[in-house]
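Peer 1: Can you read through this structure? Questions will come right after.
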Amino acid sequence: MKWEFAFLDFIRNNISNPILDFIAILISSFGTLCILWAVLTVIFLIIKKTRRLGIAMLISFALSFIIGSCIIKPVVARIRPYDVNTAIQLIVRPEMDYSFPSGHTLFAFSSATVIFMRYRKVGIFFLIFAVLMGLSRLYLYVHFPTDVICGALLGIIIGIASHYFEKQIHRLGNKRKNT
């Protein structure tokens, strides 16, 4: 944990500035309540051409919530860095849940991975956004680096699994139609 505070403190003491404060808050706000990913999922579900992507996004959303928020966070119960280092003044509201894994990063990477698996070029944009989401959580001092790293890795795994779950569901649906 010592290296994690050194990393967070380095960001706070050497990189922090009003412009990056604004950018980090803005990027992080897209992950609050998963609004961006929920809106994209609904849009993808409505449009016939992207409906399968919407189904995969819905699966990834559900898996990310169940695995990350309902299982891992309460089991690990890791407190947030600002709760340990109380000298830090946050520029955002304190979070109400545990720190590990980063939910913002988990949802960003699971969604971006699902998009990437279906549409590579657009997916690259969302993967870059997912990286920025994770970095914003570190910049804002609301997560430890391992929270973000594990959130990203778990998100990628869930995104890949969701893509393949959707493919299986689609195959089963086609088999039923043909019989």
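Residues are referred to by chain and number: the chain letter is A, B, ... according to the order shown in the structure tokens, the number counts from 1 in that chain, and ligands are numbered separately from 1 in the order shown.
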Could you pull the residues within 9 Å of stretch 79-83 of chain A, counting only C-alpha atoms, minus those fewer than 3 positions along the same chain, as a PDB file with N, CA and C atoms, in the first residue's frame?

Peer 2:
ATOM      1  N   PHE A   5       0.216   4.931  -2.180  1.00  0.00           N
ATOM      2  CA  PHE A   5       0.128   6.305  -1.687  1.00  0.00           C
ATOM      3  C   PHE A   5       1.212   7.179  -2.319  1.00  0.00           C
ATOM      4  N   LEU A   8      -0.202   8.084  -5.733  1.00  0.00           N
ATOM      5  CA  LEU A   8      -1.293   9.057  -5.627  1.00  0.00           C
ATOM      6  C   LEU A   8      -0.769  10.425  -5.184  1.00  0.00           C
ATOM      7  N   THR A  86      -6.283  11.280   5.649  1.00  0.00           N
ATOM      8  CA  THR A  86      -7.333  12.273   5.896  1.00  0.00           C
ATOM      9  C   THR A  86      -6.864  13.714   5.673  1.00  0.00           C
ATOM     10  N   ALA A  87      -5.591  13.913   5.406  1.00  0.00           N
ATOM     11  CA  ALA A  87      -5.086  15.254   5.127  1.00  0.00           C
ATOM     12  C   ALA A  87      -5.474  15.719   3.718  1.00  0.00           C
ATOM     13  N   ILE A  88      -5.884  14.788   2.874  1.00  0.00           N
ATOM     14  CA  ILE A  88      -6.251  15.113   1.491  1.00  0.00           C
ATOM     15  C   ILE A  88      -7.598  15.817   1.463  1.00  0.00           C
ATOM     16  N   GLN A  89      -7.652  16.912   0.712  1.00  0.00           N
ATOM     17  CA  GLN A  89      -8.924  17.593   0.495  1.00  0.00           C
ATOM     18  C   GLN A  89      -9.425  17.203  -0.888  1.00  0.00           C
ATOM     19  N   LEU A  90     -10.548  16.516  -0.920  1.00  0.00           N
ATOM     20  CA  LEU A  90     -11.121  16.061  -2.185  1.00  0.00           C
ATOM     21  C   LEU A  90     -11.735  17.227  -2.949  1.00  0.00           C
ATOM     22  N   PRO A  94     -17.190  12.626  -1.489  1.00  0.00           N
ATOM     23  CA  PRO A  94     -16.713  11.292  -1.109  1.00  0.00           C
ATOM     24  C   PRO A  94     -17.686  10.218  -1.604  1.00  0.00           C
ATOM     25  N   GLU A  95     -17.140   9.077  -1.945  1.00  0.00           N
ATOM     26  CA  GLU A  95     -17.951   7.950  -2.413  1.00  0.00           C
ATOM     27  C   GLU A  95     -18.582   7.260  -1.204  1.00  0.00           C
ATOM     28  N   ASP A  97     -19.367   3.859  -1.199  1.00  0.00           N
ATOM     29  CA  ASP A  97     -19.094   2.422  -1.169  1.00  0.00           C
ATOM     30  C   ASP A  97     -17.599   2.172  -0.993  1.00  0.00           C
ATOM     31  N   TYR A  98     -17.230   0.914  -1.076  1.00  0.00           N
ATOM     32  CA  TYR A  98     -15.825   0.543  -0.902  1.00  0.00           C
ATOM     33  C   TYR A  98     -15.014   0.846  -2.163  1.00  0.00           C
ATOM     34  N   SER A  99     -13.726   0.733  -2.025  1.00  0.00           N
ATOM     35  CA  SER A  99     -12.794   1.151  -3.055  1.00  0.00           C
ATOM     36  C   SER A  99     -12.459   0.073  -4.091  1.00  0.00           C
ATOM     37  N   PHE A 100     -12.411  -1.183  -3.682  1.00  0.00           N
ATOM     38  CA  PHE A 100     -11.905  -2.253  -4.566  1.00  0.00           C
ATOM     39  C   PHE A 100     -13.023  -3.149  -5.063  1.00  0.00           C
ATOM     40  N   TYR A 141      -8.054  10.970  -6.342  1.00  0.00           N
ATOM     41  CA  TYR A 141      -7.672  10.386  -5.043  1.00  0.00           C
ATOM     42  C   TYR A 141      -8.811   9.571  -4.431  1.00  0.00           C
ATOM     43  N   VAL A 142      -9.662   8.987  -5.280  1.00  0.00           N
ATOM     44  CA  VAL A 142     -10.778   8.197  -4.764  1.00  0.00           C
ATOM     45  C   VAL A 142     -10.533   6.694  -4.879  1.00  0.00           C
ATOM     46  N   HIS A 143      -9.444   6.312  -5.553  1.00  0.00           N
ATOM     47  CA  HIS A 143      -9.088   4.895  -5.682  1.00  0.00           C
ATOM     48  C   HIS A 143      -7.578   4.724  -5.588  1.00  0.00           C
ATOM     49  N   PHE A 144      -7.193   3.554  -5.107  1.00  0.00           N
ATOM     50  CA  PHE A 144      -5.794   3.143  -5.144  1.00  0.00           C
ATOM     51  C   PHE A 144      -5.481   2.629  -6.550  1.00  0.00           C
TER      52      PHE A 144
END

Peer 1: Using only C-alpha atoms, which residues sit within 9 Å of stretch 49-56 of chain A once same-chain residues fewer than 2 positions away are excluded, as a PyMOL selection string?

Peer 2: chain A and resi 40-47+58-61+111+114-115+118+159+162-167+170

Peer 1: Next, write the just-selected residues to a file, as a short mmCIF file (atom, residue, chain, number, x, y, z; two decimals), in the first residue's frame, keeping N, CA and C atoms as the atom set.

Peer 2:
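Result written to result_26.cif:
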data_model
loop_
_atom_site.label_atom_id
_atom_site.label_comp_id
_atom_site.auth_asym_id
_atom_site.auth_seq_id
_atom_site.Cartn_x
_atom_site.Cartn_y
_atom_site.Cartn_z
N LEU A 40 -25.89 4.36 -23.65
CA LEU A 40 -25.39 3.66 -24.85
C LEU A 40 -26.07 2.31 -25.03
N THR A 41 -26.23 1.58 -23.93
CA THR A 41 -26.89 0.27 -24.00
C THR A 41 -28.31 0.41 -24.55
N VAL A 42 -29.05 1.37 -24.04
CA VAL A 42 -30.42 1.57 -24.50
C VAL A 42 -30.43 1.95 -25.99
N ILE A 43 -29.55 2.86 -26.38
CA ILE A 43 -29.48 3.25 -27.79
C ILE A 43 -29.16 2.04 -28.67
N PHE A 44 -28.17 1.25 -28.26
CA PHE A 44 -27.81 0.07 -29.04
C PHE A 44 -28.96 -0.93 -29.12
N LEU A 45 -29.72 -1.06 -28.04
CA LEU A 45 -30.85 -2.00 -28.04
C LEU A 45 -31.99 -1.52 -28.95
N ILE A 46 -32.18 -0.23 -29.03
CA ILE A 46 -33.26 0.33 -29.85
C ILE A 46 -32.97 0.17 -31.35
N ILE A 47 -31.73 0.41 -31.75
CA ILE A 47 -31.35 0.36 -33.16
C ILE A 47 -31.15 -1.10 -33.57
N LEU A 58 -25.74 -5.10 -22.18
CA LEU A 58 -26.63 -5.39 -21.05
C LEU A 58 -26.08 -6.52 -20.20
N ILE A 59 -25.57 -7.55 -20.85
CA ILE A 59 -24.95 -8.67 -20.12
C ILE A 59 -23.74 -8.17 -19.34
N SER A 60 -22.90 -7.37 -19.98
CA SER A 60 -21.69 -6.88 -19.31
C SER A 60 -22.05 -5.96 -18.15
N PHE A 61 -23.08 -5.16 -18.34
CA PHE A 61 -23.56 -4.27 -17.28
C PHE A 61 -23.99 -5.09 -16.07
N SER A 111 -17.68 -2.26 -20.80
CA SER A 111 -18.44 -1.70 -21.92
C SER A 111 -17.56 -1.45 -23.14
N VAL A 114 -16.68 -4.73 -24.86
CA VAL A 114 -17.80 -5.26 -25.65
C VAL A 114 -17.90 -4.51 -26.98
N ILE A 115 -17.80 -3.19 -26.92
CA ILE A 115 -17.86 -2.40 -28.15
C ILE A 115 -16.70 -2.75 -29.06
N ARG A 118 -16.95 -5.91 -31.14
CA ARG A 118 -17.91 -5.85 -32.24
C ARG A 118 -17.49 -4.84 -33.31
N GLY A 159 -16.10 -8.06 -20.28
CA GLY A 159 -16.46 -7.62 -21.63
C GLY A 159 -16.31 -8.73 -22.66
N SER A 162 -18.97 -11.38 -21.98
CA SER A 162 -20.29 -10.89 -22.40
C SER A 162 -20.47 -10.98 -23.91
N HIS A 163 -19.42 -10.66 -24.63
CA HIS A 163 -19.44 -10.78 -26.09
C HIS A 163 -19.75 -12.22 -26.51
N TYR A 164 -19.07 -13.15 -25.88
CA TYR A 164 -19.27 -14.56 -26.24
C TYR A 164 -20.60 -15.11 -25.71
N PHE A 165 -21.06 -14.62 -24.56
CA PHE A 165 -22.39 -15.02 -24.07
C PHE A 165 -23.46 -14.59 -25.06
N GLU A 166 -23.34 -13.36 -25.56
CA GLU A 166 -24.32 -12.87 -26.53
C GLU A 166 -24.29 -13.72 -27.80
N LYS A 167 -23.10 -14.09 -28.25
CA LYS A 167 -23.00 -14.93 -29.45
C LYS A 167 -23.70 -16.27 -29.23
N HIS A 170 -27.41 -15.76 -29.30
CA HIS A 170 -27.84 -15.57 -30.69
C HIS A 170 -27.89 -16.90 -31.44
#

Peer 1: Could you write out, as an mmCIF file with N, CA and C atoms, in the first residue's frame, all the residues of stretch 47-167 of chain A that DSSP marks as alpha helix (DSSP H)?

Peer 2:
data_model
loop_
_atom_site.group_PDB
_atom_site.id
_atom_site.type_symbol
_atom_site.label_atom_id
_atom_site.label_comp_id
_atom_site.auth_asym_id
_atom_site.auth_seq_id
_atom_site.Cartn_x
_atom_site.Cartn_y
_atom_site.Cartn_z
ATOM 1 N N ARG A 51 -28.470 -3.996 -32.140
ATOM 2 C CA ARG A 51 -29.190 -4.668 -31.053
ATOM 3 C C ARG A 51 -28.348 -5.755 -30.380
ATOM 4 N N ARG A 52 -27.619 -6.516 -31.164
ATOM 5 C CA ARG A 52 -26.788 -7.573 -30.563
ATOM 6 C C ARG A 52 -25.711 -6.967 -29.660
ATOM 7 N N LEU A 53 -25.157 -5.839 -30.077
ATOM 8 C CA LEU A 53 -24.195 -5.128 -29.234
ATOM 9 C C LEU A 53 -24.882 -4.669 -27.953
ATOM 10 N N GLY A 54 -26.106 -4.171 -28.073
ATOM 11 C CA GLY A 54 -26.867 -3.744 -26.901
ATOM 12 C C GLY A 54 -27.108 -4.883 -25.926
ATOM 13 N N ILE A 55 -27.385 -6.064 -26.458
ATOM 14 C CA ILE A 55 -27.588 -7.240 -25.599
ATOM 15 C C ILE A 55 -26.284 -7.590 -24.881
ATOM 16 N N ALA A 56 -25.170 -7.556 -25.612
ATOM 17 C CA ALA A 56 -23.867 -7.835 -24.992
ATOM 18 C C ALA A 56 -23.540 -6.782 -23.930
ATOM 19 N N MET A 57 -23.880 -5.522 -24.204
ATOM 20 C CA MET A 57 -23.650 -4.453 -23.227
ATOM 21 C C MET A 57 -24.509 -4.687 -21.979
ATOM 22 N N LEU A 58 -25.744 -5.101 -22.181
ATOM 23 C CA LEU A 58 -26.630 -5.386 -21.054
ATOM 24 C C LEU A 58 -26.078 -6.520 -20.197
ATOM 25 N N ILE A 59 -25.570 -7.552 -20.849
ATOM 26 C CA ILE A 59 -24.946 -8.668 -20.121
ATOM 27 C C ILE A 59 -23.738 -8.171 -19.340
ATOM 28 N N SER A 60 -22.895 -7.365 -19.983
ATOM 29 C CA SER A 60 -21.689 -6.875 -19.307
ATOM 30 C C SER A 60 -22.050 -5.955 -18.145
ATOM 31 N N PHE A 61 -23.077 -5.163 -18.341
ATOM 32 C CA PHE A 61 -23.562 -4.273 -17.284
ATOM 33 C C PHE A 61 -23.995 -5.092 -16.068
ATOM 34 N N ALA A 62 -24.793 -6.125 -16.317
ATOM 35 C CA ALA A 62 -25.294 -6.973 -15.229
ATOM 36 C C ALA A 62 -24.149 -7.708 -14.537
ATOM 37 N N LEU A 63 -23.259 -8.301 -15.315
ATOM 38 C CA LEU A 63 -22.132 -9.036 -14.716
ATOM 39 C C LEU A 63 -21.216 -8.110 -13.924
ATOM 40 N N LYS A 73 -16.754 -5.930 -3.921
ATOM 41 C CA LYS A 73 -16.628 -4.754 -3.041
ATOM 42 C C LYS A 73 -16.958 -5.072 -1.584
ATOM 43 N N PRO A 74 -18.115 -5.698 -1.286
ATOM 44 C CA PRO A 74 -18.403 -5.966 0.131
ATOM 45 C C PRO A 74 -17.514 -7.042 0.750
ATOM 46 N N VAL A 75 -17.040 -7.997 -0.051
ATOM 47 C CA VAL A 75 -16.177 -9.046 0.492
ATOM 48 C C VAL A 75 -14.803 -8.473 0.844
ATOM 49 N N VAL A 76 -14.223 -7.703 -0.075
ATOM 50 C CA VAL A 76 -12.890 -7.123 0.165
ATOM 51 C C VAL A 76 -12.994 -5.962 1.156
ATOM 52 N N PRO A 81 -8.621 5.686 -0.388
ATOM 53 C CA PRO A 81 -7.371 6.342 0.016
ATOM 54 C C PRO A 81 -7.578 7.605 0.848
ATOM 55 N N TYR A 82 -8.612 8.380 0.539
ATOM 56 C CA TYR A 82 -8.850 9.610 1.299
ATOM 57 C C TYR A 82 -9.339 9.325 2.715
ATOM 58 N N ASP A 83 -9.825 8.100 2.963
ATOM 59 C CA ASP A 83 -10.210 7.727 4.327
ATOM 60 C C ASP A 83 -8.987 7.333 5.160
ATOM 61 N N VAL A 84 -7.936 6.933 4.479
ATOM 62 C CA VAL A 84 -6.680 6.601 5.173
ATOM 63 C C VAL A 84 -5.851 7.868 5.352
ATOM 64 N N GLY A 103 -15.342 0.737 -9.550
ATOM 65 C CA GLY A 103 -16.549 0.486 -10.346
ATOM 66 C C GLY A 103 -16.573 1.302 -11.622
ATOM 67 N N HIS A 104 -16.140 2.574 -11.547
ATOM 68 C CA HIS A 104 -16.087 3.408 -12.740
ATOM 69 C C HIS A 104 -15.212 2.747 -13.811
ATOM 70 N N THR A 105 -14.052 2.253 -13.375
ATOM 71 C CA THR A 105 -13.114 1.636 -14.306
ATOM 72 C C THR A 105 -13.644 0.297 -14.800
ATOM 73 N N LEU A 106 -14.216 -0.482 -13.908
ATOM 74 C CA LEU A 106 -14.783 -1.775 -14.270
ATOM 75 C C LEU A 106 -15.857 -1.627 -15.345
ATOM 76 N N PHE A 107 -16.825 -0.757 -15.115
ATOM 77 C CA PHE A 107 -17.903 -0.562 -16.090
ATOM 78 C C PHE A 107 -17.367 0.026 -17.396
ATOM 79 N N ALA A 108 -16.419 0.949 -17.303
ATOM 80 C CA ALA A 108 -15.848 1.544 -18.521
ATOM 81 C C ALA A 108 -15.146 0.496 -19.363
ATOM 82 N N PHE A 109 -14.324 -0.337 -18.735
ATOM 83 C CA PHE A 109 -13.590 -1.347 -19.499
ATOM 84 C C PHE A 109 -14.488 -2.481 -19.987
ATOM 85 N N SER A 110 -15.467 -2.881 -19.200
ATOM 86 C CA SER A 110 -16.343 -3.956 -19.675
ATOM 87 C C SER A 110 -17.151 -3.470 -20.875
ATOM 88 N N SER A 111 -17.675 -2.260 -20.803
ATOM 89 C CA SER A 111 -18.442 -1.705 -21.918
ATOM 90 C C SER A 111 -17.562 -1.454 -23.141
ATOM 91 N N ALA A 112 -16.405 -0.849 -22.927
ATOM 92 C CA ALA A 112 -15.503 -0.559 -24.036
ATOM 93 C C ALA A 112 -15.026 -1.844 -24.710
ATOM 94 N N THR A 113 -14.787 -2.871 -23.931
ATOM 95 C CA THR A 113 -14.340 -4.145 -24.497
ATOM 96 C C THR A 113 -15.433 -4.772 -25.343
ATOM 97 N N VAL A 114 -16.678 -4.728 -24.865
ATOM 98 C CA VAL A 114 -17.802 -5.257 -25.646
ATOM 99 C C VAL A 114 -17.898 -4.511 -26.980
ATOM 100 N N ILE A 115 -17.797 -3.190 -26.919
ATOM 101 C CA ILE A 115 -17.865 -2.397 -28.152
ATOM 102 C C ILE A 115 -16.699 -2.752 -29.064
ATOM 103 N N PHE A 116 -15.501 -2.851 -28.490
ATOM 104 C CA PHE A 116 -14.310 -3.186 -29.271
ATOM 105 C C PHE A 116 -14.432 -4.554 -29.944
ATOM 106 N N MET A 117 -14.998 -5.518 -29.260
ATOM 107 C CA MET A 117 -15.139 -6.872 -29.825
ATOM 108 C C MET A 117 -16.050 -6.863 -31.055
ATOM 109 N N ARG A 118 -16.949 -5.910 -31.139
ATOM 110 C CA ARG A 118 -17.914 -5.846 -32.244
ATOM 111 C C ARG A 118 -17.487 -4.843 -33.315
ATOM 112 N N ARG A 120 -14.229 -2.585 -33.970
ATOM 113 C CA ARG A 120 -12.855 -2.289 -33.540
ATOM 114 C C ARG A 120 -12.527 -0.794 -33.498
ATOM 115 N N LYS A 121 -12.807 -0.072 -34.570
ATOM 116 C CA LYS A 121 -12.409 1.344 -34.641
ATOM 117 C C LYS A 121 -13.102 2.183 -33.577
ATOM 118 N N VAL A 122 -14.395 2.023 -33.425
ATOM 119 C CA VAL A 122 -15.135 2.758 -32.400
ATOM 120 C C VAL A 122 -14.703 2.266 -31.016
ATOM 121 N N GLY A 123 -14.450 0.978 -30.912
ATOM 122 C CA GLY A 123 -14.027 0.394 -29.647
ATOM 123 C C GLY A 123 -12.723 0.972 -29.135
ATOM 124 N N ILE A 124 -11.803 1.301 -30.043
ATOM 125 C CA ILE A 124 -10.528 1.901 -29.624
ATOM 126 C C ILE A 124 -10.785 3.227 -28.917
ATOM 127 N N PHE A 125 -11.695 4.025 -29.463
ATOM 128 C CA PHE A 125 -12.061 5.293 -28.813
ATOM 129 C C PHE A 125 -12.557 5.038 -27.389
ATOM 130 N N PHE A 126 -13.452 4.059 -27.232
ATOM 131 C CA PHE A 126 -14.005 3.780 -25.907
ATOM 132 C C PHE A 126 -12.970 3.164 -24.968
ATOM 133 N N LEU A 127 -12.024 2.390 -25.500
ATOM 134 C CA LEU A 127 -10.952 1.868 -24.646
ATOM 135 C C LEU A 127 -10.053 3.004 -24.147
ATOM 136 N N ILE A 128 -9.771 3.954 -25.018
ATOM 137 C CA ILE A 128 -8.987 5.124 -24.587
ATOM 138 C C ILE A 128 -9.753 5.882 -23.506
ATOM 139 N N PHE A 129 -11.059 6.025 -23.725
ATOM 140 C CA PHE A 129 -11.891 6.684 -22.716
ATOM 141 C C PHE A 129 -11.863 5.909 -21.398
ATOM 142 N N ALA A 130 -11.883 4.583 -21.469
ATOM 143 C CA ALA A 130 -11.833 3.750 -20.262
ATOM 144 C C ALA A 130 -10.514 3.972 -19.507
ATOM 145 N N VAL A 131 -9.421 4.082 -20.241
ATOM 146 C CA VAL A 131 -8.123 4.372 -19.603
ATOM 147 C C VAL A 131 -8.188 5.727 -18.902
ATOM 148 N N LEU A 132 -8.737 6.713 -19.596
ATOM 149 C CA LEU A 132 -8.865 8.047 -18.991
ATOM 150 C C LEU A 132 -9.766 8.019 -17.755
ATOM 151 N N MET A 133 -10.807 7.174 -17.810
ATOM 152 C CA MET A 133 -11.690 7.027 -16.650
ATOM 153 C C MET A 133 -10.883 6.518 -15.453
ATOM 154 N N GLY A 134 -10.094 5.470 -15.672
ATOM 155 C CA GLY A 134 -9.278 4.925 -14.590
ATOM 156 C C GLY A 134 -8.292 5.951 -14.057
ATOM 157 N N LEU A 135 -7.651 6.676 -14.962
ATOM 158 C CA LEU A 135 -6.692 7.698 -14.538
ATOM 159 C C LEU A 135 -7.387 8.816 -13.756
ATOM 160 N N SER A 136 -8.603 9.159 -14.172
ATOM 161 C CA SER A 136 -9.331 10.213 -13.454
ATOM 162 C C SER A 136 -9.618 9.799 -12.013
ATOM 163 N N ARG A 137 -9.871 8.518 -11.799
ATOM 164 C CA ARG A 137 -10.167 8.034 -10.452
ATOM 165 C C ARG A 137 -8.927 8.120 -9.555
ATOM 166 N N LEU A 138 -7.753 7.912 -10.150
ATOM 167 C CA LEU A 138 -6.505 8.078 -9.397
ATOM 168 C C LEU A 138 -6.234 9.560 -9.141
ATOM 169 N N TYR A 139 -6.400 10.345 -10.168
ATOM 170 C CA TYR A 139 -6.169 11.782 -10.058
ATOM 171 C C TYR A 139 -7.027 12.394 -8.954
ATOM 172 N N PRO A 145 -4.212 2.660 -6.957
ATOM 173 C CA PRO A 145 -3.848 2.123 -8.280
ATOM 174 C C PRO A 145 -4.303 0.674 -8.489
ATOM 175 N N THR A 146 -4.200 -0.177 -7.466
ATOM 176 C CA THR A 146 -4.622 -1.568 -7.657
ATOM 177 C C THR A 146 -6.137 -1.687 -7.823
ATOM 178 N N ASP A 147 -6.898 -0.751 -7.285
ATOM 179 C CA ASP A 147 -8.353 -0.734 -7.508
ATOM 180 C C ASP A 147 -8.639 -0.540 -8.997
ATOM 181 N N VAL A 148 -7.906 0.387 -9.587
ATOM 182 C CA VAL A 148 -8.102 0.727 -11.000
ATOM 183 C C VAL A 148 -7.572 -0.384 -11.899
ATOM 184 N N ILE A 149 -6.390 -0.900 -11.590
ATOM 185 C CA ILE A 149 -5.809 -1.977 -12.407
ATOM 186 C C ILE A 149 -6.722 -3.199 -12.388
ATOM 187 N N CYS A 150 -7.165 -3.597 -11.221
ATOM 188 C CA CYS A 150 -8.040 -4.773 -11.122
ATOM 189 C C CYS A 150 -9.415 -4.502 -11.728
ATOM 190 N N GLY A 151 -9.921 -3.292 -11.586
ATOM 191 C CA GLY A 151 -11.179 -2.932 -12.237
ATOM 192 C C GLY A 151 -11.063 -3.042 -13.744
ATOM 193 N N ALA A 152 -9.927 -2.582 -14.290
ATOM 194 C CA ALA A 152 -9.703 -2.666 -15.742
ATOM 195 C C ALA A 152 -9.594 -4.122 -16.197
ATOM 196 N N LEU A 153 -8.803 -4.914 -15.497
ATOM 197 C CA LEU A 153 -8.629 -6.320 -15.883
ATOM 198 C C LEU A 153 -9.941 -7.096 -15.783
ATOM 199 N N LEU A 154 -10.660 -6.904 -14.688
ATOM 200 C CA LEU A 154 -11.950 -7.573 -14.524
ATOM 201 C C LEU A 154 -12.936 -7.102 -15.589
ATOM 202 N N GLY A 155 -12.906 -5.820 -15.899
ATOM 203 C CA GLY A 155 -13.773 -5.276 -16.938
ATOM 204 C C GLY A 155 -13.499 -5.885 -18.302
ATOM 205 N N ILE A 156 -12.230 -6.050 -18.633
ATOM 206 C CA ILE A 156 -11.864 -6.664 -19.916
ATOM 207 C C ILE A 156 -12.358 -8.105 -19.959
ATOM 208 N N ILE A 157 -12.152 -8.839 -18.880
ATOM 209 C CA ILE A 157 -12.608 -10.243 -18.820
ATOM 210 C C ILE A 157 -14.129 -10.311 -18.962
ATOM 211 N N ILE A 158 -14.838 -9.465 -18.228
ATOM 212 C CA ILE A 158 -16.301 -9.462 -18.304
ATOM 213 C C ILE A 158 -16.769 -9.039 -19.695
ATOM 214 N N GLY A 159 -16.097 -8.062 -20.284
ATOM 215 C CA GLY A 159 -16.458 -7.618 -21.630
ATOM 216 C C GLY A 159 -16.310 -8.727 -22.661
ATOM 217 N N ILE A 160 -15.198 -9.453 -22.598
ATOM 218 C CA ILE A 160 -14.971 -10.569 -23.529
ATOM 219 C C ILE A 160 -16.010 -11.665 -23.289
ATOM 220 N N ALA A 161 -16.234 -12.005 -22.035
ATOM 221 C CA ALA A 161 -17.221 -13.039 -21.702
ATOM 222 C C ALA A 161 -18.618 -12.631 -22.179
ATOM 223 N N SER A 162 -18.971 -11.376 -21.981
ATOM 224 C CA SER A 162 -20.292 -10.890 -22.401
ATOM 225 C C SER A 162 -20.468 -10.979 -23.906
ATOM 226 N N HIS A 163 -19.416 -10.663 -24.629
ATOM 227 C CA HIS A 163 -19.444 -10.776 -26.091
ATOM 228 C C HIS A 163 -19.751 -12.215 -26.509
ATOM 229 N N TYR A 164 -19.067 -13.152 -25.881
ATOM 230 C CA TYR A 164 -19.268 -14.556 -26.239
ATOM 231 C C TYR A 164 -20.599 -15.106 -25.712
ATOM 232 N N PHE A 165 -21.058 -14.622 -24.560
ATOM 233 C CA PHE A 165 -22.387 -15.020 -24.073
ATOM 234 C C PHE A 165 -23.459 -14.588 -25.064
ATOM 235 N N GLU A 166 -23.344 -13.365 -25.556
ATOM 236 C CA GLU A 166 -24.324 -12.867 -26.530
ATOM 237 C C GLU A 166 -24.293 -13.716 -27.795
ATOM 238 N N LYS A 167 -23.103 -14.087 -28.248
ATOM 239 C CA LYS A 167 -22.996 -14.932 -29.449
ATOM 240 C C LYS A 167 -23.698 -16.272 -29.233
#

Peer 1: Please, what distance in Å, to one decimal, runs between atom CA of A:Ile71 and atom CA of A:Gly31?

Peer 2: 19.5 Å

Peer 1: Would you mind telling me which residue in A:Arg78, A:Arg93, A:Leu140, A:Ile15 lies nearest to A:Ile27 when using only C-alpha atoms?

Peer 2: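 For A:Ile27, the nearest of the candidates is A:Leu140.
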
Peer 1: Tell me, in Å to one decimal, how far atom CA of A:Ile66 is from atom CA of A:Thr32.

Peer 2: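 Interatomic distance, atom CA of A:Ile66 to atom CA of A:Thr32: 16.8 Å.
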